[in-house]
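Source file: coords-v2.cif (mmCIF, C-alpha atoms)
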```
data_data
#
loop_
_atom_site.label_atom_id
_atom_site.label_comp_id
_atom_site.auth_asym_id
_atom_site.auth_seq_id
_atom_site.Cartn_x
_atom_site.Cartn_y
_atom_site.Cartn_z
CA MET H 1 -5.89 -0.41 19.01
CA TRP H 2 -7.65 2.72 17.67
CA THR H 3 -5.38 5.02 19.67
CA SER H 4 -2.31 3.15 18.45
CA LEU H 5 -3.46 3.36 14.83
CA GLN H 6 -4.18 7.09 15.06
CA LYS H 7 -0.51 7.66 15.83
CA LYS H 8 0.53 6.13 12.48
CA VAL H 9 -2.00 7.19 9.83
CA PHE H 10 -4.15 10.08 8.60
CA PHE H 11 -7.94 9.58 8.74
CA PHE H 12 -10.58 11.33 6.66
CA THR H 13 -14.02 11.44 8.27
CA ARG H 14 -15.82 12.93 5.23
CA ALA H 15 -14.58 10.93 2.25
CA TYR H 16 -17.02 9.69 -0.38
CA THR H 17 -17.38 7.34 -3.27
CA THR H 18 -19.32 8.65 -6.25
CA ALA H 19 -21.91 5.86 -6.07
CA ALA H 20 -23.35 3.39 -3.60
CA THR H 21 -22.35 0.31 -5.58
CA CYS H 22 -19.06 -1.09 -6.75
CA THR H 23 -18.86 -0.88 -10.55
CA PRO H 24 -19.83 2.82 -10.77
CA SER H 25 -17.55 3.92 -7.93
CA ARG H 26 -14.56 1.96 -9.27
CA TYR H 27 -15.12 3.50 -12.69
CA SER H 28 -14.88 6.98 -11.15
CA LEU H 29 -11.83 6.16 -9.09
CA LEU H 30 -9.91 5.02 -12.19
CA THR H 31 -11.15 7.62 -14.70
CA GLY H 32 -11.94 10.79 -12.73
CA GLU H 33 -15.44 10.98 -14.20
CA TYR H 34 -18.79 10.68 -12.43
CA PRO H 35 -20.31 7.34 -13.53
CA TRP H 36 -23.67 8.78 -14.56
CA ARG H 37 -21.98 10.73 -17.37
CA LYS H 38 -21.52 7.44 -19.23
CA THR H 39 -24.45 5.18 -20.18
CA GLY H 40 -24.50 1.57 -19.10
CA ILE H 41 -22.58 1.90 -15.85
CA LYS H 42 -24.27 -0.35 -13.33
CA VAL H 43 -23.35 -3.44 -11.34
CA LEU H 44 -22.19 -5.60 -14.24
CA ALA H 45 -22.76 -9.21 -15.08
CA GLY H 46 -19.67 -11.40 -15.20
CA ASP H 47 -19.67 -11.52 -19.00
CA ALA H 48 -20.09 -7.75 -19.56
CA THR H 49 -17.81 -5.98 -22.01
CA ALA H 50 -15.24 -3.43 -20.86
CA LEU H 51 -16.53 -0.08 -19.61
CA ILE H 52 -13.12 1.54 -19.99
CA LYS H 53 -11.75 0.98 -23.46
CA SER H 54 -8.13 1.23 -24.60
CA GLY H 55 -7.15 4.83 -25.26
CA ARG H 56 -9.10 6.17 -22.31
CA PRO H 57 -6.66 7.64 -19.76
CA THR H 58 -6.83 6.15 -16.28
CA ILE H 59 -4.97 6.60 -13.05
CA ALA H 60 -2.83 3.63 -14.11
CA SER H 61 -1.93 5.08 -17.50
CA VAL H 62 -0.88 8.34 -15.85
CA PHE H 63 1.58 6.47 -13.64
CA ARG H 64 2.79 4.24 -16.45
CA ASN H 65 3.44 7.23 -18.71
CA ALA H 66 5.51 8.69 -15.89
CA GLY H 67 7.75 5.60 -15.83
CA TYR H 68 6.08 3.67 -13.01
CA GLU H 69 5.51 -0.08 -12.96
CA THR H 70 1.75 -0.56 -12.64
CA ALA H 71 -0.42 -3.45 -11.48
CA VAL H 72 -3.95 -4.35 -10.50
CA VAL H 73 -4.58 -7.34 -8.26
CA GLY H 74 -7.99 -8.52 -7.07
CA LYS H 75 -11.57 -7.69 -7.88
CA TRP H 76 -12.09 -5.94 -11.25
CA HIS H 77 -15.82 -5.81 -12.08
CA LEU H 78 -15.46 -3.22 -14.83
CA GLY H 79 -16.05 -5.57 -17.74
CA LEU H 80 -13.70 -7.28 -20.17
CA GLY H 81 -13.69 -7.65 -23.95
CA ASP H 82 -14.66 -5.40 -26.83
CA SER H 83 -18.09 -5.18 -28.45
CA LEU H 84 -18.60 -8.91 -27.96
CA ALA H 85 -18.65 -10.94 -24.78
CA PRO H 86 -15.16 -11.88 -23.54
CA ASP H 87 -13.56 -14.92 -25.16
CA TRP H 88 -12.49 -16.79 -22.03
CA ASN H 89 -10.59 -19.37 -24.08
CA SER H 90 -8.19 -16.99 -25.80
CA THR H 91 -6.41 -13.69 -25.11
CA ILE H 92 -9.11 -11.38 -23.79
CA LYS H 93 -9.35 -8.06 -25.58
CA GLU H 94 -9.93 -4.83 -23.68
CA SER H 95 -8.52 -5.82 -20.31
CA PRO H 96 -6.71 -3.85 -17.58
CA ASN H 97 -3.51 -4.34 -19.59
CA ASP H 98 -4.99 -2.09 -22.29
CA ILE H 99 -5.66 0.87 -20.00
CA GLY H 100 -2.40 1.38 -18.18
CA PHE H 101 -1.80 -1.70 -16.06
CA LYS H 102 1.40 -3.48 -17.10
CA TYR H 103 0.52 -6.45 -14.88
CA SER H 104 -2.94 -7.70 -13.93
CA PHE H 105 -4.19 -10.61 -11.84
CA ILE H 106 -7.94 -10.28 -11.37
CA MET H 107 -11.29 -11.94 -11.11
CA ALA H 108 -13.51 -10.93 -13.99
CA ALA H 109 -16.30 -9.53 -11.84
CA THR H 110 -17.02 -10.66 -8.28
CA GLY H 111 -16.99 -13.89 -6.33
CA ASP H 112 -20.73 -14.31 -6.62
CA ARG H 113 -20.73 -14.23 -10.44
CA VAL H 114 -19.43 -16.62 -13.06
CA PRO H 115 -16.93 -17.24 -14.51
CA THR H 116 -15.22 -18.25 -11.27
CA VAL H 117 -11.69 -18.02 -12.64
CA TYR H 118 -8.67 -15.78 -12.34
CA VAL H 119 -7.44 -13.77 -15.31
CA GLU H 120 -3.73 -12.94 -15.49
CA ASN H 121 -2.53 -10.54 -18.15
CA SER H 122 -5.63 -11.10 -20.30
CA LYS H 123 -5.65 -14.91 -20.11
CA VAL H 124 -7.55 -17.28 -17.84
CA VAL H 125 -5.17 -18.94 -15.37
CA ASN H 126 -4.76 -22.74 -15.58
CA LEU H 127 -7.24 -23.13 -18.43
CA ASP H 128 -7.22 -26.57 -20.04
CA PRO H 129 -7.85 -26.12 -23.78
CA VAL H 130 -9.77 -29.40 -23.95
CA ASP H 131 -12.20 -28.07 -21.33
CA PRO H 132 -13.24 -24.64 -22.70
CA ILE H 133 -15.28 -22.18 -20.67
CA THR H 134 -18.82 -21.22 -21.63
CA VAL H 135 -20.78 -18.55 -19.76
CA ASN H 136 -24.43 -17.59 -20.11
CA TYR H 137 -26.48 -15.20 -18.01
CA LYS H 138 -29.83 -16.04 -19.61
CA ASN H 139 -30.04 -19.74 -20.36
CA LYS H 140 -28.89 -22.81 -18.49
CA ILE H 141 -25.86 -24.49 -20.03
CA GLY H 142 -23.74 -27.53 -19.22
CA ASN H 143 -24.26 -30.21 -16.60
CA ASP H 144 -23.03 -28.48 -13.46
CA PRO H 145 -25.56 -28.62 -10.60
CA ILE H 146 -27.70 -25.52 -9.99
CA GLY H 147 -28.20 -24.01 -6.56
CA ARG H 148 -31.98 -23.79 -6.63
CA GLU H 149 -32.21 -27.37 -7.88
CA HIS H 150 -29.66 -28.92 -5.51
CA PRO H 151 -29.59 -26.99 -2.24
CA GLU H 152 -28.18 -30.08 -0.52
CA LEU H 153 -24.87 -29.46 -2.33
CA LEU H 154 -24.45 -25.93 -0.96
CA LYS H 155 -22.07 -25.15 1.88
CA VAL H 156 -23.23 -21.52 1.75
CA LYS H 157 -26.95 -21.23 1.03
CA HIS H 158 -28.42 -18.26 -0.81
CA SER H 159 -30.96 -15.88 0.72
CA HIS H 160 -31.95 -14.33 -2.62
CA GLY H 161 -30.59 -14.87 -6.11
CA HIS H 162 -27.18 -16.55 -6.27
CA ASP H 163 -28.88 -19.83 -7.11
CA PHE H 164 -27.39 -20.66 -10.50
CA THR H 165 -24.27 -22.76 -11.17
CA ILE H 166 -22.65 -24.22 -8.06
CA VAL H 167 -18.87 -23.85 -7.85
CA ASN H 168 -16.95 -24.98 -4.77
CA GLY H 169 -20.20 -25.54 -2.89
CA VAL H 170 -21.45 -22.00 -3.52
CA GLY H 171 -24.27 -20.97 -5.85
CA ARG H 172 -23.40 -18.09 -8.16
CA ILE H 173 -25.16 -15.61 -10.42
CA GLY H 174 -25.11 -16.89 -14.00
CA TYR H 175 -24.48 -20.24 -15.67
CA MET H 176 -21.04 -21.69 -16.40
CA SER H 177 -19.66 -24.86 -17.88
CA GLY H 178 -16.08 -26.03 -18.44
CA GLY H 179 -12.85 -24.58 -17.13
CA ASN H 180 -12.81 -26.99 -14.20
CA LYS H 181 -9.03 -26.84 -13.63
CA ALA H 182 -9.15 -23.04 -13.74
CA ARG H 183 -11.88 -22.55 -11.14
CA TRP H 184 -10.85 -20.86 -7.95
CA VAL H 185 -11.23 -22.13 -4.39
CA ASP H 186 -12.92 -19.38 -2.39
CA GLU H 187 -11.06 -20.18 0.82
CA ASP H 188 -7.72 -19.57 -0.93
CA MET H 189 -8.69 -16.32 -2.65
CA ALA H 190 -7.26 -13.89 -0.09
CA ASP H 191 -3.96 -15.78 -0.02
CA THR H 192 -3.82 -15.86 -3.82
CA PHE H 193 -4.46 -12.15 -4.29
CA THR H 194 -2.23 -11.08 -1.40
CA ASN H 195 0.67 -13.22 -2.56
CA LYS H 196 0.42 -11.74 -6.05
CA ALA H 197 0.40 -8.21 -4.65
CA VAL H 198 3.37 -8.88 -2.37
CA GLY H 199 5.19 -10.51 -5.28
CA PHE H 200 4.69 -7.39 -7.38
CA ILE H 201 6.16 -5.24 -4.61
CA GLU H 202 9.13 -7.57 -4.22
CA THR H 203 9.81 -7.60 -7.96
CA ASN H 204 9.65 -3.82 -8.25
CA LYS H 205 11.18 -2.77 -4.95
CA ASP H 206 13.94 -0.87 -6.73
CA LYS H 207 11.58 0.93 -9.13
CA PRO H 208 8.72 3.40 -8.72
CA PHE H 209 5.43 1.49 -8.78
CA PHE H 210 1.68 1.93 -8.57
CA LEU H 211 -0.38 -0.97 -7.18
CA TYR H 212 -4.19 -1.06 -7.19
CA PHE H 213 -4.92 -3.86 -4.70
CA ALA H 214 -8.66 -4.61 -4.66
CA THR H 215 -9.42 -7.26 -2.07
CA HIS H 216 -12.59 -9.32 -2.17
CA ASP H 217 -12.74 -10.38 1.47
CA VAL H 218 -15.90 -8.77 2.87
CA HIS H 219 -17.82 -9.11 -0.42
CA VAL H 220 -20.18 -12.06 -0.77
CA PRO H 221 -19.80 -14.98 -0.83
CA ARG H 222 -17.85 -14.71 2.41
CA VAL H 223 -15.84 -17.91 2.57
CA PRO H 224 -12.71 -17.11 4.59
CA HIS H 225 -9.70 -19.38 4.89
CA PRO H 226 -9.95 -21.98 7.70
CA ARG H 227 -7.36 -20.10 9.76
CA PHE H 228 -9.83 -17.20 10.05
CA ALA H 229 -13.12 -19.14 10.09
CA GLY H 230 -14.89 -18.87 13.44
CA LYS H 231 -12.32 -16.50 14.93
CA SER H 232 -14.31 -13.24 15.02
CA GLY H 233 -17.47 -14.39 16.77
CA LEU H 234 -19.45 -12.43 14.17
CA GLY H 235 -19.82 -15.18 11.59
CA ALA H 236 -18.35 -15.30 8.10
CA ARG H 237 -18.56 -11.54 7.63
CA GLY H 238 -16.53 -10.86 10.73
CA ASP H 239 -14.06 -13.59 9.80
CA ALA H 240 -13.68 -12.07 6.32
CA LEU H 241 -12.83 -8.73 7.93
CA LEU H 242 -10.11 -10.43 9.97
CA GLU H 243 -8.83 -11.88 6.71
CA PHE H 244 -8.85 -8.40 5.17
CA ASP H 245 -6.87 -7.02 8.10
CA TRP H 246 -4.31 -9.78 7.55
CA ALA H 247 -4.03 -8.94 3.85
CA VAL H 248 -3.43 -5.25 4.58
CA GLY H 249 -0.82 -6.25 7.15
CA GLU H 250 0.99 -8.39 4.58
CA ILE H 251 1.19 -5.46 2.16
CA LEU H 252 2.52 -3.12 4.84
CA GLN H 253 5.04 -5.72 5.98
CA ALA H 254 6.26 -6.12 2.40
CA LEU H 255 6.88 -2.39 2.25
CA GLU H 256 8.65 -2.43 5.60
CA LYS H 257 10.79 -5.43 4.67
CA ASN H 258 12.03 -3.68 1.55
CA GLY H 259 12.66 -0.30 3.15
CA LEU H 260 9.78 1.33 1.26
CA THR H 261 7.53 2.43 4.11
CA LYS H 262 8.66 6.04 4.48
CA ASN H 263 8.36 7.07 0.86
CA THR H 264 5.32 5.02 -0.20
CA LEU H 265 1.87 6.58 -0.25
CA VAL H 266 -0.74 4.04 0.91
CA ILE H 267 -4.46 4.81 0.60
CA LEU H 268 -7.05 2.45 2.07
CA SER H 269 -10.73 2.89 1.23
CA SER H 270 -13.92 1.11 0.15
CA ASP H 271 -16.02 1.10 -3.00
CA ASN H 272 -19.33 1.61 -1.16
CA GLY H 273 -20.90 1.44 2.26
CA PRO H 274 -21.51 -1.68 4.35
CA VAL H 275 -24.08 -4.41 3.75
CA LEU H 276 -24.99 -7.46 5.82
CA ASP H 277 -27.25 -9.85 3.91
CA ASP H 278 -26.16 -9.45 0.31
CA GLY H 279 -27.55 -12.69 -1.07
CA TYR H 280 -26.26 -15.49 1.15
CA GLN H 281 -27.27 -16.96 4.49
CA ASP H 282 -23.97 -16.37 6.29
CA GLN H 283 -25.33 -15.17 9.68
CA ALA H 284 -24.10 -11.63 9.11
CA VAL H 285 -27.36 -10.32 10.59
CA GLU H 286 -27.92 -12.94 13.27
CA LEU H 287 -24.43 -12.65 14.78
CA LEU H 288 -24.05 -8.89 14.49
CA GLY H 289 -24.62 -8.24 18.18
CA ASP H 290 -24.03 -4.63 19.22
CA HIS H 291 -21.83 -3.86 16.23
CA HIS H 292 -23.12 -1.18 13.83
CA PRO H 293 -21.14 -1.32 10.57
CA ALA H 294 -22.24 2.18 9.50
CA GLY H 295 -21.94 3.71 12.96
CA ALA H 296 -24.41 6.58 13.33
CA LEU H 297 -24.92 6.95 9.58
CA ARG H 298 -28.17 6.06 7.85
CA GLY H 299 -28.54 3.52 5.05
CA GLY H 300 -25.82 1.26 3.62
CA LYS H 301 -24.73 -0.19 0.31
CA TYR H 302 -27.22 0.76 -2.47
CA SER H 303 -28.41 3.83 -0.51
CA ILE H 304 -28.25 7.56 -1.28
CA PHE H 305 -28.06 8.17 2.46
CA GLU H 306 -24.62 8.75 3.98
CA ALA H 307 -23.83 5.10 4.74
CA GLY H 308 -24.11 4.29 1.05
CA THR H 309 -21.31 6.55 -0.15
CA ARG H 310 -19.43 7.92 2.87
CA VAL H 311 -16.60 5.47 3.32
CA PRO H 312 -13.40 4.82 5.25
CA PHE H 313 -10.43 6.68 3.79
CA ILE H 314 -7.02 6.34 5.40
CA VAL H 315 -3.69 7.73 4.21
CA ARG H 316 -0.23 6.63 5.29
CA TYR H 317 2.77 8.48 3.87
CA PRO H 318 5.40 8.94 6.60
CA ALA H 319 7.67 11.09 4.41
CA LYS H 320 5.02 13.75 3.85
CA VAL H 321 1.89 13.21 5.95
CA LYS H 322 1.72 13.53 9.71
CA PRO H 323 -0.76 11.25 11.52
CA GLY H 324 -4.08 12.84 12.40
CA VAL H 325 -7.73 13.30 11.50
CA SER H 326 -9.30 15.52 8.82
CA ASN H 327 -12.88 16.61 8.31
CA ALA H 328 -12.11 17.87 4.81
CA LEU H 329 -14.57 16.98 2.07
CA ILE H 330 -13.02 14.67 -0.53
CA SER H 331 -14.18 12.22 -3.19
CA GLN H 332 -12.47 9.21 -4.72
CA VAL H 333 -13.06 10.81 -8.12
CA ASP H 334 -10.29 13.25 -7.12
CA LEU H 335 -7.55 10.65 -6.96
CA ILE H 336 -6.49 10.81 -10.60
CA ALA H 337 -6.02 14.60 -10.58
CA SER H 338 -4.40 14.63 -7.16
CA LEU H 339 -1.94 11.80 -7.81
CA SER H 340 -1.13 13.12 -11.27
CA THR H 341 -0.02 16.33 -9.58
CA LEU H 342 1.95 14.39 -6.97
CA ILE H 343 4.14 12.75 -9.65
CA GLY H 344 4.48 15.87 -11.78
CA GLN H 345 1.99 14.94 -14.49
CA SER H 346 -0.93 16.88 -15.94
CA PRO H 347 -4.32 15.32 -15.15
CA PRO H 348 -6.04 13.87 -18.24
CA LYS H 349 -8.57 16.24 -19.82
CA GLU H 350 -11.07 13.35 -19.79
CA ALA H 351 -11.03 13.36 -15.97
CA VAL H 352 -13.64 16.11 -16.03
CA ASP H 353 -14.88 15.69 -12.46
CA SER H 354 -11.56 15.09 -10.74
CA GLN H 355 -10.19 17.96 -8.66
CA ASN H 356 -6.60 18.36 -7.58
CA GLN H 357 -6.97 17.73 -3.86
CA LEU H 358 -3.33 16.83 -3.25
CA ASN H 359 -2.98 19.33 -0.43
CA THR H 360 -6.05 17.78 1.17
CA LEU H 361 -4.56 14.28 0.86
CA LEU H 362 -1.34 15.51 2.44
CA GLY H 363 -3.18 17.14 5.34
CA LYS H 364 -2.29 20.71 4.33
CA ASP H 365 -5.82 21.76 3.31
CA LYS H 366 -8.38 21.25 6.07
CA THR H 367 -11.39 22.14 3.88
CA GLY H 368 -11.14 20.09 0.69
CA ARG H 369 -13.92 20.29 -1.87
CA ASN H 370 -16.68 22.88 -1.85
CA GLU H 371 -19.16 20.25 -3.00
CA LEU H 372 -19.46 16.74 -4.40
CA VAL H 373 -22.15 14.61 -6.01
CA THR H 374 -23.18 11.06 -5.15
CA ASN H 375 -25.83 8.82 -6.65
CA THR H 376 -27.32 5.35 -6.59
CA GLN H 377 -28.06 2.90 -9.31
CA SER H 378 -31.44 1.89 -7.92
CA GLY H 379 -34.10 4.54 -8.50
CA GLY H 380 -31.66 7.08 -9.87
CA ALA H 381 -31.33 9.11 -6.67
CA PHE H 382 -28.79 11.96 -6.68
CA ALA H 383 -27.34 13.97 -3.82
CA ILE H 384 -25.10 17.01 -3.55
CA VAL H 385 -23.02 17.45 -0.40
CA GLU H 386 -21.49 20.69 0.86
CA GLU H 387 -19.58 21.55 4.03
CA ARG H 388 -22.83 21.52 5.99
CA TRP H 389 -25.78 20.69 3.75
CA LYS H 390 -26.83 17.59 1.88
CA TYR H 391 -29.62 17.78 -0.67
CA ILE H 392 -31.22 14.62 -2.11
CA SER H 393 -33.27 15.12 -5.26
CA PRO H 394 -36.72 13.51 -5.62
CA SER H 395 -36.58 10.03 -7.11
CA ASP H 396 -38.74 7.04 -7.90
CA GLY H 397 -37.94 3.61 -6.56
CA GLN H 398 -38.60 1.52 -3.51
CA ALA H 399 -37.91 2.83 -0.04
CA LYS H 400 -35.94 -0.22 1.10
CA SER H 401 -33.93 -3.00 -0.48
CA ARG H 402 -35.07 -6.59 -0.16
CA THR H 403 -32.75 -6.80 2.85
CA THR H 404 -34.30 -3.68 4.47
CA VAL H 405 -31.50 -1.21 3.70
CA GLU H 406 -33.04 2.28 3.51
CA LEU H 407 -32.37 3.39 -0.05
CA GLY H 408 -33.35 7.03 0.38
CA ASN H 409 -35.72 7.17 -2.58
CA SER H 410 -38.51 9.68 -2.07
CA PRO H 411 -40.82 11.67 -4.36
CA ALA H 412 -40.17 14.70 -2.16
CA PRO H 413 -36.89 16.63 -1.86
CA GLN H 414 -34.73 15.98 1.18
CA LEU H 415 -32.32 18.32 2.95
CA TYR H 416 -30.14 17.45 5.91
CA ASP H 417 -27.80 19.49 8.06
CA LEU H 418 -24.89 17.06 8.30
CA LYS H 419 -23.11 19.19 10.87
CA LEU H 420 -25.93 18.68 13.38
CA ASP H 421 -27.59 15.59 11.92
CA ALA H 422 -25.09 13.15 10.38
CA GLY H 423 -27.70 10.40 10.77
CA GLU H 424 -30.08 12.24 8.40
CA LYS H 425 -33.07 11.96 10.69
CA ASN H 426 -34.54 15.46 10.30
CA ASN H 427 -35.56 16.49 6.77
CA LEU H 428 -35.36 20.30 6.61
CA ALA H 429 -36.48 20.69 2.98
CA GLU H 430 -39.78 22.39 3.77
CA LYS H 431 -38.15 24.74 6.27
CA GLU H 432 -35.03 25.69 4.28
CA THR H 433 -36.54 26.26 0.85
CA GLU H 434 -33.85 28.72 -0.26
CA VAL H 435 -31.12 26.17 0.42
CA VAL H 436 -33.10 23.50 -1.40
CA ASN H 437 -33.57 25.69 -4.45
CA ARG H 438 -29.93 26.70 -4.52
CA LEU H 439 -28.61 23.15 -4.23
CA GLU H 440 -31.15 21.82 -6.71
CA ARG H 441 -29.94 24.35 -9.29
CA ARG H 442 -26.30 23.57 -8.56
CA LEU H 443 -26.89 19.83 -8.88
CA GLU H 444 -28.49 20.33 -12.29
CA GLU H 445 -25.57 22.53 -13.38
CA ILE H 446 -23.10 19.81 -12.49
CA ARG H 447 -25.17 17.07 -14.13
CA ASN H 448 -25.46 19.10 -17.34
CA LYS H 449 -21.79 20.10 -17.41
#
```
Produce structure tokens that represent the structure in this file.
Amino acid sequence: MWTSLQKKVFFFTRAYTTAATCTPSRYSLLTGEYPWRKTGIKVLAGDATALIKSGRPTIASVFRNAGYETAVVGKWHLGLGDSLAPDWNSTIKESPNDIGFKYSFIMAATGDRVPTVYVENSKVVNLDPVDPITVNYKNKIGNDPIGREHPELLKVKHSHGHDFTIVNGVGRIGYMSGGNKARWVDEDMADTFTNKAVGFIETNKDKPFFLYFATHDVHVPRVPHPRFAGKSGLGARGDALLEFDWAVGEILQALEKNGLTKNTLVILSSDNGPVLDDGYQDQAVELLGDHHPAGALRGGKYSIFEAGTRVPFIVRYPAKVKPGVSNALISQVDLIASLSTLIGQSPPKEAVDSQNQLNTLLGKDKTGRNELVTNTQSGGAFAIVEERWKYISPSDGQAKSRTTVELGNSPAPQLYDLKLDAGEKNNLAEKETEVVNRLERRLEEIRNK
């Protein structure tokens, strides 16, 4: 299968997110700005206000200004609403529709957070006005059963947190009441999102379009459709990955069906590195077997080590990109500048950290960036990556997450030779002091830019 796939797509082996968690990395992808330049960017609660306000250019607004139809389908998790919490029972202010997306069909945050409803073009789908939605992340509200109080009602039990309001047999983060007709069914989520994405392609097959399709499949809670459940042999996480593969296949088939394959640029990536136990007892650890989600890389989601921010990045563009593999250094923060150039637009001046790496995306430049910066939310660890070296600045914080992911926090500087030591096992900071000093200065220059 791998050999067959290599003949069709272009793989990047050194592609990075800007952060090891979802909200910060998605912010960078859309805006072209490192997340730590803006205060308050962290993994958001489900009732958080919008991080990207109307008037701020995004990758979507660039395409829309160029005459493209634009859409976002799937996981959002960048906040909704203005200075107040979102009004779930009316038209929601400050939504994707205000920052360049003509069409949006999203979940407000993630599947493990309330409210467990879909939002289409700034309005909750299927909301009954006589059953209004109330959300609270501090105090218990309503009469819905709570996970920690009624574990017997859970079909997916929590391992840590995720023990508030139960919806569809799954405990969530946060309290919710009302909106019963609008609540999603987890098992149908992949079908719902995929069908909306395919529908957008079908509707706009004769127009230029930009689609940001953000699946939820491997994110917790992992509750795949019955046709995938039990099929992987690796538990719910493996089954969710099968479901993800199906969703990607449906998108590609929609392009093929409508004669759009050759001249459509498809980019597949992730918002952070892999994680097994992320709050639910779904046997992700117990049934892992010999599979290593991060391969030889160290760490995982939440970590400043490579497995936290070095992610899959695959390009398919038959009209302009030949299949192959690239070791070029590239960051998701570069997408807005690169794609702006592709469609003949000037990158927004607000995209201060985005570099035009179009030639890298198209396989013409084998080097890519000279350097890039990654960071974590936990402990405030920062790293700067070059062609060979990776420097991690000293940071406070725990050494491991509650699920034993190595976070990379250390009071001492760390330096790794990624060319010889991609697994970051041998800290060379004491031996290569000149490199440490140089990269430390450069990191501070970038952070103070």
- [ ] Show which residues sit within 10 Å of region 399-404 of chain H, as a ChimeraX atom specification. Count all atoms listed in the file, and ignore same-chain residues fewer than 6 positions away.
- [x] /H:159-160,275-279,299-303,378-379,410
TODO: Return as a list in words the set of residues that the PyMOL selection byres ((chain H and resi 154) around 9) yields on the displayed structure.
DONE: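 Written out, the selection comes to Gly147, His150, Pro151, Glu152, Leu153, Lys155, Val156, Lys157, His158, Ile166, Asn168, Gly169, Val170 and Gly171 of chain H.
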Open item on the list: So the first atom is CA of Asp131 (chain H) and the second is CA of Asn180 (chain H); what is the distance between them in Å, to one decimal place?
Closed with: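 Those two atoms sit 7.2 Å apart.
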- [ ] Just give me the residues with any atom within 10 Å of (-12.1, -4.3, -13.8), file coordinates, counting only C-alpha atoms, written as number ranges by chain.
- [x] H: 23, 26-27, 30, 50-52, 72-80, 95-96, 104, 106-110, 214
Task: Selection result of the PyMOL selection byres ((chain H and resi 271-274) around 8) on this file, as a count of residues only - done: 21
Open item on the list: Quick check on the file I pasted: which residues fall under the PyMOL selection byres ((chain H and resi 437-449) around 10)? Write them as a VMD selection string.
Closed with: chain H and resid 34 36 to 37 352 to 353 371 to 373 382 to 386 389 to 393 413 415 429 432 to 436
Task: Atomic distance CA of Gly397 (chain H) - CA of Gln377 (chain H), expressed in Å with one decimal - done: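 Between CA of Gly397 (chain H) and CA of Gln377 (chain H) the gap is 10.3 Å.
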TODO: Record the distance separating CA of Asp365 (chain H) and CA of Lys207 (chain H), expressed in Å with one decimal.
DONE: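 Rounded to one decimal, the two atoms are 29.9 Å apart.
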Open item on the list: Excluding Lys364 (chain H) and its own-chain neighbours fewer than 5 positions away, which residues fall within 10 Å of it when counting all atoms listed in the file? Please give them as a PyMOL selection string.
Closed with: chain H and resi 321-322+326+357-359
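Take the candidates H:Thr49, H:Asn427, H:Gln355, H:Asn143 and check each one against Ser340 (chain H) using all atoms listed in the file; the shortest distance goes to H:Gln355.
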TODO: Show which residues sit within 7 Å of region 286-291 of chain H, as a PyMOL selection string. Count all atoms listed in the file, and ignore same-chain residues fewer than 2 positions away.
DONE: chain H and resi 234-235+283-284+293
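Minimum atom-to-atom distances from H:Arg369, H:Arg172, H:Lys123, H:Lys42 to Tyr137 (chain H) were compared using only C-alpha atoms, and the lowest value belongs to H:Arg172.
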Open item on the list: Under the rule that only C-alpha atoms are counted, which of H:Asn89, H:Gln281, H:Thr264, H:Ser395 is the nearest residue to Arg222 (chain H)?
Closed with: H:Gln281
Task: For Ile304 (chain H), the nearest of the candidates H:Arg113, H:Tyr175, H:Thr374, H:Gln253, counting only C-alpha atoms - done: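 When distances to Ile304 (chain H) are compared using only C-alpha atoms, the smallest one comes from H:Thr374.
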Open item on the list: Just want the 7 Å neighbourhood of Asn263 (chain H), counted on only C-alpha atoms, with same-chain residues fewer than 3 positions away dropped. Output as a list in words.
Closed with: Leu260, Tyr317, Pro318 and Ala319 of chain H
Prev. selection, C-alpha atoms, output as a compact mmCIF listing (two decimals), in the frame of the given file:
```txt
# COMPACT_ATOMS: atom_id res chain seq x y z
CA LEU H 260 9.78 1.33 1.26
CA TYR H 317 2.77 8.48 3.87
CA PRO H 318 5.40 8.94 6.60
CA ALA H 319 7.67 11.09 4.41
```
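Comparing H:Phe105, H:Phe200, H:Phe305, H:Trp184 by their smallest distance to Gly423 (chain H), the closest is H:Phe305 (using all atoms listed in the file).
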TODO: Skip Phe10 (chain H) itself and residues of its chain fewer than 3 positions away, then list as JSON, numbers by chain all residues within 9 Å of it, counting all atoms listed in the file.
DONE: {"H": [6, 7, 313, 314, 315, 316, 317, 321, 322, 323, 324, 325, 326, 361, 362, 363]}
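Proximity to Thr58 (chain H) was assessed for H:Thr376, H:Thr203, H:Ser232, H:Thr70 counting only C-alpha atoms; the smallest distance is recorded for H:Thr70.
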Open item on the list: Using all atoms listed in the file and a cutoff of 12 Å, can you tell me which residues are near (-1.6, -12.8, -6.8) in the file's coordinates, and write them out as a VMD selection string?
Closed with: chain H and resid 71 to 75 103 to 107 118 to 121 125 188 to 201 211 213 to 215 247 251
